>>> print(open('start-v4.txt').read())   # compact mmCIF, C-alpha atoms
# COMPACT_ATOMS: atom_id res chain seq x y z
CA MET A 807 0.00 0.00 0.00
CA LEU A 808 1.51 3.31 -1.14
CA LEU A 809 0.10 5.55 1.56
CA GLY A 810 0.23 9.32 1.21
CA ILE A 811 0.12 9.47 -2.59
CA ARG A 812 -2.99 10.89 -4.28
CA LEU A 813 -3.23 11.11 -8.05
CA ALA A 814 -5.72 13.04 -10.17
CA ILE A 815 -6.48 11.52 -13.57
CA PHE A 816 -8.20 13.42 -16.36
CA ASP A 817 -11.58 11.85 -17.14
CA SER A 818 -12.22 11.57 -20.89
CA LEU A 819 -15.41 9.55 -20.46
CA GLY A 820 -17.71 10.14 -23.42
CA GLU A 821 -14.91 11.15 -25.79
CA SER A 822 -14.30 8.87 -28.79
CA ILE A 823 -10.59 8.42 -28.27
CA GLU A 824 -8.25 5.73 -26.99
CA ARG A 825 -8.66 6.22 -23.25
CA TRP A 826 -5.58 5.68 -21.08
CA GLU A 827 -7.20 6.46 -17.74
CA PRO A 828 -8.96 3.07 -17.27
CA ARG A 829 -5.57 1.39 -17.24
CA TRP A 830 -4.17 4.01 -14.84
CA VAL A 831 -7.13 3.56 -12.50
CA GLU A 832 -6.82 -0.22 -12.66
CA TYR A 833 -3.11 -0.02 -11.84
CA CYS A 834 -3.72 2.35 -8.91
CA HIS A 835 -6.37 0.09 -7.41
CA ALA A 836 -4.14 -2.97 -7.81
CA HIS A 837 -1.18 -1.27 -6.08
CA GLY A 838 -2.88 0.67 -3.30
CA ILE A 839 -2.51 4.13 -4.86
CA GLU A 840 -5.31 6.59 -4.13
CA CYS A 841 -6.63 8.13 -7.34
CA GLU A 842 -9.61 10.14 -8.53
CA LEU A 843 -11.00 10.96 -11.96
CA VAL A 844 -11.16 14.74 -12.41
CA ASP A 845 -13.05 16.85 -14.96
CA CYS A 846 -10.30 19.24 -16.05
CA TYR A 847 -12.73 21.33 -18.13
CA ARG A 848 -14.33 22.76 -14.97
CA SER A 849 -13.66 26.40 -14.14
CA ASP A 850 -12.68 25.42 -10.59
CA VAL A 851 -10.28 22.67 -11.63
CA ILE A 852 -7.25 24.31 -9.98
CA SER A 853 -8.88 24.43 -6.57
CA ARG A 854 -10.01 20.83 -7.05
CA LEU A 855 -6.40 19.76 -7.72
CA ARG A 856 -5.19 21.06 -4.37
CA GLY A 857 -4.34 18.15 -2.12
CA PHE A 858 -3.26 15.88 -4.97
CA ASP A 859 0.35 14.88 -5.59
CA GLY A 860 0.15 14.24 -9.32
CA LEU A 861 -1.99 14.73 -12.43
CA LEU A 862 -2.13 12.48 -15.51
CA TRP A 863 -3.82 13.56 -18.75
CA HIS A 864 -3.69 11.62 -22.01
CA ILE A 865 -3.73 14.55 -24.44
CA TYR A 866 -5.12 13.40 -27.79
CA TYR A 867 -4.11 15.14 -31.02
CA GLY A 868 -7.56 14.71 -32.57
CA ARG A 869 -9.30 16.77 -29.88
CA PRO A 870 -8.48 20.47 -30.31
CA ILE A 871 -10.07 21.19 -26.91
CA HIS A 872 -7.32 19.07 -25.31
CA ARG A 873 -4.66 21.31 -26.81
CA VAL A 874 -6.58 24.43 -25.82
CA VAL A 875 -7.06 23.39 -22.19
CA ALA A 876 -4.44 20.78 -21.24
CA GLN A 877 -1.28 22.87 -21.51
CA HIS A 878 -2.73 25.52 -19.18
CA VAL A 879 -4.09 23.09 -16.59
CA LEU A 880 -0.92 20.97 -16.55
CA ARG A 881 1.37 23.98 -16.19
CA ALA A 882 -0.80 25.43 -13.44
CA ALA A 883 -0.77 22.05 -11.69
CA GLU A 884 3.03 22.20 -11.70
CA TYR A 885 2.80 25.59 -9.95
CA LEU A 886 0.74 23.79 -7.31
CA GLY A 887 3.66 21.43 -6.83
CA LEU A 888 2.09 18.43 -8.56
CA ALA A 889 4.09 15.97 -10.63
CA VAL A 890 2.35 15.89 -14.02
CA PHE A 891 2.20 13.74 -17.09
CA PRO A 892 2.92 14.90 -19.67
CA ASN A 893 5.22 17.62 -18.40
CA GLU A 894 6.29 20.57 -20.55
CA ARG A 895 9.51 19.01 -21.86
CA THR A 896 7.51 15.99 -22.98
CA VAL A 897 4.63 17.69 -24.72
CA TRP A 898 5.56 21.18 -25.96
CA TYR A 899 6.27 19.95 -29.52
CA TYR A 900 3.31 17.54 -29.62
CA ASP A 901 1.41 17.46 -32.92
CA ASP A 902 3.54 20.30 -34.30
CA LYS A 903 6.06 19.21 -36.92
CA VAL A 904 7.69 22.64 -37.01
CA ALA A 905 8.35 22.45 -33.27
CA GLU A 906 9.62 18.88 -33.72
CA LYS A 907 12.11 20.10 -36.32
CA TYR A 908 13.50 22.75 -34.00
CA ALA A 909 13.69 20.38 -31.02
CA LEU A 910 15.41 17.61 -32.99
CA GLU A 911 17.90 20.02 -34.54
CA ALA A 912 18.65 21.52 -31.11
CA VAL A 913 19.72 18.14 -29.71
CA GLN A 914 21.51 17.23 -32.98
CA ALA A 915 19.29 14.22 -33.65
CA PRO A 916 19.51 12.47 -37.07
CA LEU A 917 16.42 14.13 -38.53
CA VAL A 918 15.47 13.67 -42.18
CA PRO A 919 16.44 17.08 -43.65
CA THR A 920 13.43 19.31 -43.02
CA TYR A 921 12.80 22.86 -44.23
CA VAL A 922 10.28 25.42 -43.02
CA PHE A 923 9.46 28.78 -44.60
CA TYR A 924 7.46 31.75 -43.33
CA HIS A 925 7.70 33.89 -46.49
CA LYS A 926 6.26 32.74 -49.82
CA GLU A 927 9.00 34.28 -51.95
CA GLU A 928 11.71 32.51 -49.95
CA ALA A 929 9.84 29.20 -50.19
CA LEU A 930 9.39 29.48 -53.96
CA ALA A 931 13.02 30.40 -54.51
CA TRP A 932 14.11 27.30 -52.57
CA LEU A 933 11.60 25.06 -54.34
CA LYS A 934 12.90 26.10 -57.76
CA GLU A 935 16.29 24.63 -56.85
CA ALA A 936 15.02 21.63 -54.86
CA THR A 937 15.30 17.98 -55.83
CA TYR A 938 11.98 16.20 -56.24
CA PRO A 939 10.02 14.39 -54.96
CA LEU A 940 9.63 16.16 -51.63
CA VAL A 941 7.31 15.33 -48.75
CA TRP A 942 4.94 18.13 -47.77
CA LYS A 943 3.39 18.14 -44.30
CA LEU A 944 1.09 20.33 -42.29
CA ARG A 945 2.15 21.12 -38.75
CA GLY A 946 -0.48 18.87 -37.21
CA GLY A 947 -1.97 15.45 -37.87
CA ALA A 948 -1.08 11.82 -37.30
CA GLY A 949 -1.49 8.50 -39.10
CA SER A 950 -0.14 10.12 -42.31
CA CYS A 951 -3.00 12.64 -42.45
CA ASN A 952 -1.91 15.97 -43.96
CA VAL A 953 1.12 14.36 -45.65
CA ARG A 954 1.65 14.37 -49.42
CA LEU A 955 4.38 13.43 -51.90
CA VAL A 956 5.16 16.45 -54.09
CA ARG A 957 6.65 15.43 -57.44
CA SER A 958 7.22 18.80 -59.15
CA TYR A 959 7.74 22.50 -58.63
CA ARG A 960 4.30 23.12 -60.13
CA ASN A 961 2.64 21.02 -57.42
CA ALA A 962 4.79 22.61 -54.71
CA ARG A 963 3.85 26.11 -55.90
CA ARG A 964 0.17 25.21 -55.69
CA LEU A 965 0.66 24.21 -52.04
CA CYS A 966 2.54 27.46 -51.39
CA ASP A 967 -0.27 29.52 -52.89
CA ARG A 968 -2.70 27.95 -50.48
CA ALA A 969 -0.38 27.99 -47.45
CA PHE A 970 0.15 31.72 -47.87
CA GLY A 971 -3.43 32.34 -48.95
CA ARG A 972 -6.58 30.84 -47.47
CA GLY A 973 -4.64 28.13 -45.65
CA PHE A 974 -5.57 24.57 -44.72
CA PRO A 975 -8.09 23.26 -42.16
CA GLY A 976 -6.34 22.57 -38.86
CA ALA A 977 -8.39 19.41 -38.32
CA ALA A 978 -8.41 16.67 -40.95
CA GLY A 979 -11.80 15.82 -42.41
CA TYR A 980 -13.66 12.94 -40.82
CA LEU A 981 -13.46 10.94 -44.05
CA ALA A 982 -9.77 11.74 -44.58
CA ASP A 983 -7.85 8.58 -45.40
CA ALA A 984 -11.14 6.65 -45.38
CA ARG A 985 -9.77 3.78 -47.45
CA THR A 986 -7.12 2.96 -44.83
CA LYS A 987 -9.58 3.35 -41.95
CA PHE A 988 -11.98 0.85 -43.47
CA ARG A 989 -9.18 -1.54 -44.38
CA LYS A 990 -8.01 -1.50 -40.74
CA ALA A 991 -11.53 -2.52 -39.66
CA ARG A 992 -10.38 -6.00 -40.87
CA ASN A 993 -13.83 -7.63 -40.93
CA LEU A 994 -17.56 -6.97 -41.10
CA VAL A 995 -17.83 -6.69 -37.31
CA GLY A 996 -15.13 -4.01 -37.21
CA LEU A 997 -16.68 -2.21 -40.18
CA TRP A 998 -20.14 -2.29 -38.54
CA GLY A 999 -18.65 -0.86 -35.36
CA LYS A 1000 -17.15 2.05 -37.28
CA LEU A 1001 -20.45 2.70 -39.04
CA CYS A 1002 -22.34 2.64 -35.73
CA ARG A 1003 -19.92 5.15 -34.21
CA MET A 1004 -20.05 7.44 -37.24
CA PRO A 1005 -22.95 9.71 -36.09
CA GLN A 1006 -21.26 10.42 -32.75
CA ARG A 1007 -17.89 11.01 -34.40
CA LEU A 1008 -19.46 13.36 -36.96
CA ARG A 1009 -20.99 15.43 -34.15
CA GLU A 1010 -17.65 15.49 -32.31
CA HIS A 1011 -15.80 16.38 -35.51
CA ARG A 1012 -18.04 19.37 -36.16
CA ALA A 1013 -17.39 20.60 -32.62
CA GLU A 1014 -13.64 20.01 -33.00
CA GLY A 1015 -13.58 21.85 -36.31
CA ARG A 1016 -14.95 24.98 -34.64
CA LEU A 1017 -11.99 24.96 -32.23
CA ALA A 1018 -9.27 24.08 -34.75
CA TRP A 1019 -7.37 26.94 -36.34
CA ARG A 1020 -6.49 27.17 -40.02
CA GLU A 1021 -2.86 26.53 -40.86
CA LYS A 1022 -1.46 29.38 -42.92
CA GLY A 1023 1.59 31.59 -43.18
CA CYS A 1024 4.01 28.66 -42.97
CA ILE A 1025 5.00 25.70 -45.15
CA LEU A 1026 7.15 22.65 -44.40
CA PHE A 1027 8.90 20.14 -46.64
CA GLN A 1028 11.02 17.07 -45.90
CA GLU A 1029 13.45 15.31 -48.18
CA PHE A 1030 12.11 12.01 -49.49
CA MET A 1031 13.94 8.86 -48.41
CA PRO A 1032 13.47 6.33 -51.27
CA GLY A 1033 13.56 2.55 -51.04
CA ASN A 1034 11.87 2.12 -47.63
CA THR A 1035 9.30 -0.70 -47.57
CA PHE A 1036 8.61 -0.13 -43.86
CA ASP A 1037 9.36 2.31 -41.07
CA THR A 1038 10.39 1.59 -37.47
CA ARG A 1039 8.48 2.88 -34.46
CA ILE A 1040 10.38 3.06 -31.15
CA ALA A 1041 8.42 4.00 -28.01
CA VAL A 1042 10.42 4.92 -24.90
CA VAL A 1043 9.21 5.34 -21.33
CA GLY A 1044 12.00 5.73 -18.78
CA GLU A 1045 14.21 2.64 -18.91
CA ARG A 1046 12.01 0.72 -21.34
CA ALA A 1047 11.83 0.80 -25.13
CA TRP A 1048 9.36 -1.04 -27.33
CA GLY A 1049 9.81 -1.43 -31.07
CA PHE A 1050 7.96 -2.66 -34.12
CA THR A 1051 7.85 -1.99 -37.84
CA ARG A 1052 5.02 -0.82 -40.09
CA ASN A 1053 4.84 -1.80 -43.73
CA VAL A 1054 4.32 0.91 -46.31
CA ARG A 1055 0.78 1.05 -47.65
CA PRO A 1056 0.10 -0.53 -51.07
CA ASN A 1057 0.89 1.89 -53.91
CA ASP A 1058 1.94 4.56 -51.43
CA PHE A 1059 5.07 5.89 -49.70
CA ARG A 1060 3.59 6.19 -46.20
CA ALA A 1061 3.76 3.63 -43.40
CA SER A 1062 2.28 5.62 -40.51
CA GLY A 1063 -1.38 4.78 -40.06
CA SER A 1064 -1.20 1.77 -42.38
CA GLY A 1065 -2.14 -0.69 -39.64
CA ALA A 1066 0.29 -3.17 -41.23
CA ILE A 1067 2.35 -3.71 -38.06
CA VAL A 1068 4.99 -6.45 -37.90
CA TYR A 1069 5.95 -7.55 -34.36
CA ASP A 1070 9.34 -9.06 -35.12
CA PRO A 1071 12.15 -7.86 -32.81
CA GLN A 1072 14.73 -9.09 -35.34
CA ARG A 1073 13.35 -6.59 -37.84
CA VAL A 1074 13.88 -3.69 -35.42
CA GLY A 1075 17.40 -2.32 -35.64
CA LEU A 1076 19.13 -1.91 -32.28
CA ASP A 1077 20.60 1.32 -33.65
CA CYS A 1078 17.05 2.73 -33.68
CA VAL A 1079 16.44 1.49 -30.13
CA GLY A 1080 19.63 3.13 -28.90
CA LEU A 1081 18.80 6.38 -30.68
CA GLY A 1082 15.33 6.33 -29.11
CA PHE A 1083 16.84 6.14 -25.62
CA GLU A 1084 19.38 8.89 -26.43
CA LEU A 1085 16.70 11.19 -27.81
CA ALA A 1086 14.35 10.70 -24.86
CA ARG A 1087 17.20 11.56 -22.50
CA ALA A 1088 18.28 14.61 -24.51
CA LEU A 1089 14.73 15.97 -24.66
CA GLY A 1090 13.92 15.08 -21.05
CA ALA A 1091 10.79 13.29 -22.29
CA GLN A 1092 8.73 11.12 -19.95
CA SER A 1093 7.32 9.30 -22.97
CA LEU A 1094 8.47 9.41 -26.57
CA ALA A 1095 7.58 7.66 -29.83
CA VAL A 1096 10.05 8.05 -32.70
CA ASP A 1097 9.53 7.01 -36.32
CA PHE A 1098 12.62 6.02 -38.31
CA VAL A 1099 13.32 5.37 -41.98
CA ARG A 1100 16.69 4.62 -43.54
CA THR A 1101 18.79 6.40 -46.12
CA PRO A 1102 19.90 4.48 -49.23
CA GLU A 1103 23.15 3.86 -47.29
CA GLY A 1104 21.21 2.26 -44.42
CA GLU A 1105 21.53 5.05 -41.83
CA PRO A 1106 18.50 5.58 -39.56
CA LYS A 1107 16.82 8.97 -39.88
CA ILE A 1108 13.97 10.39 -37.82
CA VAL A 1109 10.80 11.30 -39.68
CA GLU A 1110 8.61 12.39 -36.77
CA MET A 1111 8.18 12.04 -33.02
CA SER A 1112 5.40 12.32 -30.47
CA TYR A 1113 4.83 11.91 -26.75
CA GLY A 1114 1.77 9.70 -27.46
CA TYR A 1115 0.90 6.62 -29.45
CA LEU A 1116 -1.62 3.81 -29.70
CA ALA A 1117 -1.02 2.01 -26.40
CA LYS A 1118 -2.45 -1.31 -27.63
CA ALA A 1119 0.07 -1.36 -30.48
CA VAL A 1120 2.89 -1.01 -27.94
CA TYR A 1121 1.37 -3.61 -25.60
CA ASP A 1122 1.20 -6.14 -28.45
CA THR A 1123 4.99 -6.15 -28.85
CA PRO A 1124 6.46 -9.41 -27.45
CA GLY A 1125 8.80 -7.59 -25.07
CA TYR A 1126 10.96 -4.51 -24.50
CA TRP A 1127 14.61 -3.48 -24.36
CA ASP A 1128 16.22 -1.83 -21.34
CA ARG A 1129 18.75 0.98 -21.63
CA ASP A 1130 21.58 -1.57 -21.97
CA LEU A 1131 19.69 -3.04 -24.95
CA ARG A 1132 18.89 -6.24 -23.10
CA TRP A 1133 15.65 -7.89 -24.17
CA HIS A 1134 12.83 -8.59 -21.68
CA GLU A 1135 10.11 -10.96 -22.82
CA GLY A 1136 6.45 -10.27 -22.14
CA HIS A 1137 3.61 -7.86 -22.86
CA TYR A 1138 3.56 -4.61 -20.88
CA TRP A 1139 1.23 -1.63 -20.96
CA PRO A 1140 3.11 1.67 -21.48
CA GLN A 1141 0.56 3.36 -19.21
CA ASP A 1142 1.87 1.21 -16.34
CA ALA A 1143 5.42 2.36 -16.99
CA ILE A 1144 4.31 6.01 -17.17
CA LEU A 1145 2.45 5.70 -13.88
CA GLN A 1146 5.34 3.90 -12.17
CA ASP A 1147 7.72 6.70 -13.17
CA LEU A 1148 5.29 9.40 -12.00
CA VAL A 1149 4.82 7.69 -8.63
CA ALA A 1150 8.61 7.52 -8.24
CA GLU A 1151 8.77 11.27 -8.99
CA VAL A 1152 6.10 11.98 -6.36
CA ALA A 1153 8.03 9.91 -3.82
CA ARG A 1154 11.23 11.85 -4.55
CA ASN A 1155 9.34 15.13 -4.18
CA GLN A 1156 7.93 14.04 -0.82
CA GLN A 1157 11.36 12.97 0.40
CA GLY A 1158 12.76 16.34 -0.64
CA GLU A 1159 10.04 18.16 1.29
CA ARG A 1160 11.04 16.19 4.40
CA GLY A 1161 14.62 17.38 4.02
CA GLN A 1162 15.99 14.12 2.65
CA VAL A 1163 18.17 13.83 -0.40
CA PRO A 1164 16.17 12.09 -3.15
CA SER A 1165 17.68 8.99 -4.73
CA ALA A 1166 19.32 9.53 -8.10
CA GLU A 1167 18.01 6.17 -9.34
>>> encode(input="start-v4.txt", output="structure tokens")
Amino acid sequence: MLLGIRLAIFDSLGESIERWEPRWVEYCHAHGIECELVDCYRSDVISRLRGFDGLLWHIYYGRPIHRVVAQHVLRAAEYLGLAVFPNERTVWYYDDKVAEKYALEAVQAPLVPTYVFYHKEEALAWLKEATYPLVWKLRGGAGSCNVRLVRSYRNARRLCDRAFGRGFPGAAGYLADARTKFRKARNLVGLWGKLCRMPQRLREHRAEGRLAWREKGCILFQEFMPGNTFDTRIAVVGERAWGFTRNVRPNDFRASGSGAIVYDPQRVGLDCVGLGFELARALGAQSLAVDFVRTPEGEPKIVEMSYGYLAKAVYDTPGYWDRDLRWHEGHYWPQDAILQDLVAEVARNQQGERGQVPSAE
């Protein structure tokens, strides 16, 4: 029984997202940790958080209201002295590929060469000299939404005209990438489930669209890495790293969001695992997912990163690597690892308040 530790957990009940809090609550109850689901949308949320030692919130990229509210509540909770997940170093670049570029360049990570422009004339001048194809991306989006292969200057100019004109919707359309979504349903039962949820998701999407901002005044391109038939996803939480590969979609260049996951540890390069650990340490991230492709010479390069991921996809891996790249067999929920690390942080904070020197472990 871990007496003296109280955790607040954001309650996303009723939202059509992958919910992490049921696993957190289950873990707390199994290990004697006092926890309470909290509605962080309430005006009096800060006063309600007094008396807690930590706050966990699974911020979801597809809910603009999360991005509007979460960063303020989490930062304010830190002023209250709470340990929070995700903290600022973990989440400030979340769902923002421009911020990811700056963060990765700052820590000298092996990022696929990425270019961002804030003036149309500068962008067009660069594009006239560029080598095609290029990969165009909006700042936000996951699962390969808002990502396109640009094969010519003419196509790139068309994107520039829009980026520095009326802009692009900040939230992807509900039917965006519909073919892949229905393929991932796998069978009639899965397809029926998606169809049954469609009315609710359409209502939510309309509400989300009113909160999402239009992306304009900025354009981003990445160099295209040819010859990749799959990418590698490494997810790191503390001393644990999970890895799997995702096959590129048929007749496409994108692997993210394909659903074609291969759980073969031999297919995951240990160089990617090691880089995942190094990057998480350099960024100070509590949780980090990194997507790698390889150059024609075989060198791993980072395409994107995020604090979050589909937890079930990570759980389905047959094991994880520790920081010494030793393999540990078995299925583990990343939410458990996140919660364990947060509880350890709370314990260190409490020891510090009592005048003891916290353990460095």
>>> closest_residue(input="start-v4.txt", among="A:Gln1028, A:Ser958, A:Thr1038, A:Gln1141", to="Phe1098 (chain A)", atoms="all atoms listed in the file")
A:Thr1038
>>> closest_residue(input="start-v4.txt", among="A:Ala909, A:Leu861, A:Leu1081, A:Val1043", to="Leu886 (chain A)", atoms="only C-alpha atoms")
A:Leu861
>>> closest_residue(input="start-v4.txt", among="A:His835, A:His1134, A:Lys1107, A:Arg1073", to="Ala915 (chain A)", atoms="all atoms listed in the file")
A:Lys1107
>>> residues_around(input="start-v4.txt", residues="Val913 (chain A)", least_positions_apart="3", cutoff="8 Å", atoms="all atoms listed in the file", output="PyMOL selection string")
chain A and resi 909-910+1085+1088-1089
>>> write_last_selection(input="start-v4.txt", atoms="C-alpha atoms", output="short mmCIF file (atom, residue, chain, number, x, y, z; two decimals), keeping the file's coordinate frame")
data_model
loop_
_atom_site.label_atom_id
_atom_site.label_comp_id
_atom_site.auth_asym_id
_atom_site.auth_seq_id
_atom_site.Cartn_x
_atom_site.Cartn_y
_atom_site.Cartn_z
CA ALA A 909 13.69 20.38 -31.02
CA LEU A 910 15.41 17.61 -32.99
CA LEU A 1085 16.70 11.19 -27.81
CA ALA A 1088 18.28 14.61 -24.51
CA LEU A 1089 14.73 15.97 -24.66
#
>>> residues_around(input="start-v4.txt", residues="Leu965 (chain A)", least_positions_apart="4", cutoff="9 Å", atoms="only C-alpha atoms", output="list in words")
Trp942, Arg960, Asn961, Ala969, Phe970 and Ile1025 of chain A
>>> atom_distance(input="start-v4.txt", atom1="CA of Lys1118 (chain A)", atom2="CA of Glu840 (chain A)")
25.0 Å
>>> residues_around(input="start-v4.txt", residues="Ala876 (chain A)", least_positions_apart="6", cutoff="10 Å", atoms="all atoms listed in the file", output="ChimeraX atom specification")
/A:816,846-847,863-866,870,882,892
>>> residues_around(input="start-v4.txt", residues="Gly1075 (chain A)", least_positions_apart="3", cutoff="9 Å", atoms="all atoms listed in the file", output="PyMOL selection string")
chain A and resi 1038+1049+1071-1072+1078-1080+1106
>>> write_last_selection(input="start-v4.txt", atoms="C-alpha atoms", output="mmCIF file, in the frame of the given file")
data_model
loop_
_atom_site.group_PDB
_atom_site.id
_atom_site.type_symbol
_atom_site.label_atom_id
_atom_site.label_comp_id
_atom_site.auth_asym_id
_atom_site.auth_seq_id
_atom_site.Cartn_x
_atom_site.Cartn_y
_atom_site.Cartn_z
ATOM 1 C CA THR A 1038 10.390 1.590 -37.470
ATOM 2 C CA GLY A 1049 9.810 -1.430 -31.070
ATOM 3 C CA PRO A 1071 12.150 -7.860 -32.810
ATOM 4 C CA GLN A 1072 14.730 -9.090 -35.340
ATOM 5 C CA CYS A 1078 17.050 2.730 -33.680
ATOM 6 C CA VAL A 1079 16.440 1.490 -30.130
ATOM 7 C CA GLY A 1080 19.630 3.130 -28.900
ATOM 8 C CA PRO A 1106 18.500 5.580 -39.560
#
>>> atom_distance(input="start-v4.txt", atom1="CA of Ile815 (chain A)", atom2="CA of Phe891 (chain A)")
9.6 Å
>>> closest_residue(input="start-v4.txt", among="A:His872, A:Arg954, A:Arg964, A:Arg972", to="Phe1059 (chain A)", atoms="all atoms listed in the file")
A:Arg954
>>> residues_around(input="start-v4.txt", residues="Phe1083 (chain A)", least_positions_apart="6", cutoff="12 Å", atoms="all atoms listed in the file", output="list of chain:residue names")
A:Ala915, A:Ile1040, A:Ala1041, A:Val1042, A:Val1043, A:Gly1044, A:Glu1045, A:Arg1046, A:Ala1047, A:Trp1048, A:Gly1049, A:Leu1076, A:Asp1077, A:Leu1089, A:Gly1090, A:Ala1091, A:Gln1092, A:Ser1093, A:Leu1094, A:Ala1095, A:Val1096, A:Trp1127, A:Asp1128, A:Arg1129, A:Asp1130, A:Leu1131
>>> closest_atom_pairs(input="start-v4.txt", of="region 1005-1110 of chain A", to="region 921-934 of chain A", cutoff="9 Å", atoms="all atoms listed in the file", output="CSV")
residue,atom,partner,partner_atom,distance
A:Gly1023,CA,A:Tyr924,CA,5.9
A:Cys1024,CA,A:Tyr924,CA,4.6
A:Ile1025,CA,A:Phe923,CA,5.4
A:Leu1026,CA,A:Val922,CA,4.4
A:Phe1027,CA,A:Tyr921,CA,5.3
A:Gln1028,CA,A:Tyr921,CA,6.3
A:Glu1029,CA,A:Tyr921,CA,8.5
>>> closest_residue(input="start-v4.txt", among="A:Asn1034, A:Thr896, A:Thr1051, A:Gln1157", to="Ile1144 (chain A)", atoms="only C-alpha atoms")
A:Thr896
>>> atom_distance(input="start-v4.txt", atom1="CA of Tyr938 (chain A)", atom2="CA of Tyr899 (chain A)")
27.6 Å
>>> closest_residue(input="start-v4.txt", among="A:Arg1087, A:Arg848, A:Arg825, A:Arg1154", to="Ala1117 (chain A)", atoms="all atoms listed in the file")
A:Arg825
